[in-house]
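Each remark here refers to the structure printed beneath this line.
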Amino acid sequence: MNEHKPNTLRDQPDEHGRFGIHGGRFVAETLMPLILSVEEAWKTSKSDPDFAAEMEYYRKHYIGRPSPLFFASRLTEHFGGAKLYFKRDELNHTGAHKINNVLGQALLAKRMGKTKIIAETGAGQHGVASATACALFGMECEVFMGEEDVRRQKPNVDRMRLLGAKVHPVTSGTGTLKDAMNEALRYWVTNAETHFYIIGTAAGPHPYPAMVRDFQSIIGVEAKEQILEAEGRLPDAIVACIGGGSNALGLFHPFLDDKEVEIYGVEAAGHGIETGEHAASLKGGKPGVLHGNRTYLLQDDHGQIKDAYSISAGLDYPGIGPEHAWLHEIGRVNYVNATDQEALEYFALCSRLEGIIPALEPAHALAFISTMIGKMDKDQIVIMNMCGRGDKDLEAVLPILEKQGKL
Amino acid sequence: MALDRISQCFSACRDENRAALGIFISAGDPNPETSEELLLGLPDAGADFVELGMPFSDPMADGPVIQAASLRAIKAGMTLDKVLKMAARFRHRHPDVPLILMGYYNPVYIYGVDQFLDDAMTAGVDGLIMVDLPPEEDDELCLPATEKGMAFIRLITPTTNDKRLPTVIHNASGFVYYVSITGITGTGSASADSIANAMARIRKASDLPAVVGFGIKDADDVREAGRHADGVVVGSAVVSIIAEHCDANGKAEPDTARKALDLVKQLKTGTPR
């Protein structure tokens, strides 16, 4: 049992996997026994020093952690306000934060004696990370990816195949990330006895949202240590982009109880919230039940799920992790958004001014930062999670920037 | 009253020494008119009880056939409100045939649990099968439904082990539904032995009638499963006929419902023991 800490926001969820009304275990009976066994294994491993040591080993020698905390001096100068730091999780092996979680779950699967892995992927980053971990541990990997994304993200599909994974193009529904997740769940229902499902974000049935958050929290733990070392104090604000929200929770969670730190989660506003073509579940959705959890969902008046839209395939999901839904409702985190166009602008600017090509996802976070950081004092501090690198996005982004005369 | 219709149905079938035949269709597939013609015709074609699917955009436990049916129905304008109206017309025409609504939780949650239960009771619905509400989430709908006299039919699967079986059966009512394969609807099929074993296990744990579904597609399958179970459910095989006789816009050939009903008649021949 957890010791009772009445003043902490960091002891969620409850024993039913609830973050307030959100979370839970809304899955078919076929999967329930398996989900309970994952929960059991996670509970045991979490407090096992051997598991911690194993994680530490792979974090250091395989992922390349700790990732640096970098003072972005030229962007700071450009904005003319608070000091901007990047937590550089784009430098991780495989180029994004996804590997932090995947390695943890793969090690857990190994402990449970499972040698076959299922994963869903949108842009392909989680798929590549899963394929990587499976190669490392000698596991079979089956990745489900929307047919449309398979076409758009060919380099990542090639990577996964090279790493030995089998990529299943998903044609059901509308062939997007949500359909890839449906299909991964169907495959899991069919292979429940033999396979472990590595969910890529802090969503899904309990214990996944909490487990993924815990694996990603290394981001915030390191950032806290690093900013104390660099500046001798905590930041005034921390910012991260949100699709399902795992990189954001990873940064936010260790800071939740530090009341003086303002926290901002940036959803993708696509063509603009008012157009209806976006992926901002908190801003434009309402609570519902999908993919094993209750959370905010983009849906119509009859409870049918709508397709999300964003130029960033990593944010293109009609839901959000249940802990974010709760943090939104209690008001601890401010959820804001940035459009495709705004993200593109800061994708280009960050490349030019810092020599860092950000993924489209964190470019959304930077776009939001541009609206607030200039109004802050020069001695204030903002940390942004640079959760992925932009190489994967060049094919999609360059023609647009060219057309807009920004190259 | 809802529970009466279900128990009377199973005891009548038992008296006639045959398995009860349950037919699943997706409400509004491929369009409201054809779907209603089919629904209303099911009892005369041989269905002892009916499972009416509430279409959902993301049916994560269903195979390609039912997925496509759900999407056709949604495209043709089906909503939960209209499903309940269909249910009421069914009840008016067939006062004694059990009618079960089957689906996923989100549309019900958005409709509002209390309102949904009231409207479903008024429409004459006897029970609910909710794919994504395991016993761990009984506070959501199972307990409120049971309180109002609506049966909450529980799914039991090959992965439900002996340790878990009592948990699954605890708040079950009406009947229990054995999902005969570890998988999604309309795929694979279970061996007679595995069904017999499962039924023996379930009978030890519960007095409720037990039906078998998933992967049952013809009269032979019905006969085989019906030797061990109190009832047998066929879904994808019936829905496939609709898929074969409609176009991409949900426009059905004139005799689509009749063709599906012909299959039901054939299935019925497998029910005597």
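Lettering and numbering for the structure tokens are positional, with chains as A, B, ... in the shown order, residues counted from 1 in each chain, and ligands counted from 1 in the shown order.
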Excluding segment 388-396 of chain A and its own-chain neighbours fewer than 5 positions away, which residues fall within 12 Å of it when counting only C-alpha atoms? Please give them as a PyMOL selection string. chain A and resi 67+86-99+123-126+128+149+151-157+159+240-241+247+311-314+340+343-344+346-348+350-351+355-365+401-402
Near chain B, 10 Å: chain A residue rows, closest pairs, only C-alpha atoms, as a tab-separated table:
```
residue	atom	partner	partner_atom	distance
A:His16	CA	B:Glu136	CA	7.8
A:Gly24	CA	B:Glu137	CA	7.6
A:Arg25	CA	B:Glu137	CA	7.0
A:Phe26	CA	B:Asp132	CA	5.0
A:Val27	CA	B:Asp132	CA	4.4
A:Ala28	CA	B:Asp132	CA	4.7
A:Glu29	CA	B:Pro134	CA	5.7
A:Thr30	CA	B:Thr157	CA	5.6
A:Leu31	CA	B:Thr159	CA	7.7
A:Met32	CA	B:Pro134	CA	7.4
A:Pro33	CA	B:Thr160	CA	6.7
A:Leu34	CA	B:Thr159	CA	8.3
A:Ser172	CA	B:Pro64	CA	7.6
A:Gly173	CA	B:Asp58	CA	7.7
A:Lys178	CA	B:Asp58	CA	8.3
A:Asp179	CA	B:Asp58	CA	7.6
A:Met181	CA	B:Met60	CA	8.7
A:Asn182	CA	B:Met60	CA	5.2
A:Glu183	CA	B:Met60	CA	7.2
A:Ala184	CA	B:Met60	CA	9.0
A:Leu185	CA	B:Met60	CA	6.5
A:Arg186	CA	B:Ala61	CA	5.9
A:Tyr187	CA	B:Gly183	CA	7.7
A:Trp188	CA	B:Gly183	CA	8.2
A:Val189	CA	B:Gly183	CA	5.2
A:Thr190	CA	B:Gly183	CA	3.8
A:Asn191	CA	B:Thr182	CA	7.1
A:Ala192	CA	B:Thr182	CA	7.3
A:Glu193	CA	B:Thr159	CA	7.6
A:Lys286	CA	B:Ile110	CA	9.3
A:Pro287	CA	B:Ile110	CA	8.4
A:Gly288	CA	B:Asn106	CA	5.8
A:Val289	CA	B:Asn106	CA	5.1
A:Leu290	CA	B:Asn106	CA	7.0
A:His291	CA	B:Met60	CA	7.9
A:Gly292	CA	B:Asp132	CA	7.6
A:Asn293	CA	B:Asp132	CA	9.9
A:Arg294	CA	B:Asn106	CA	9.0
A:Gln299	CA	B:Ile110	CA	9.6
A:Asp300	CA	B:Ile110	CA	9.4
A:Asp301	CA	B:Ile110	CA	7.5
A:His302	CA	B:Pro107	CA	5.9
A:Gly303	CA	B:Pro107	CA	4.3
A:Gln304	CA	B:Ser57	CA	5.4
A:Ile305	CA	B:Ser57	CA	6.0
A:Lys306	CA	B:Ser57	CA	8.4
```
May I ask which of the residues A:Tyr264, A:Tyr335, A:Tyr317, A:Tyr309 is the closest one to Ile369 of chain A, counting only C-alpha atoms? A:Tyr264
Please provide as a ChimeraX atom specification all residues within 10 Å of segment 210-214 of chain A, with the sequence filter that same-chain residues fewer than 4 positions apart are discarded (counting only C-alpha atoms). /A:11-13,17-19,23,38-39,42-43,46,98,100-102,104-105,198-206,218-219,245-254,321-323
Between atom CA of Glu56 of chain A and atom CA of Lys224 of chain A, what is the spacing in Å?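 Interatomic distance here is 17.7 Å.
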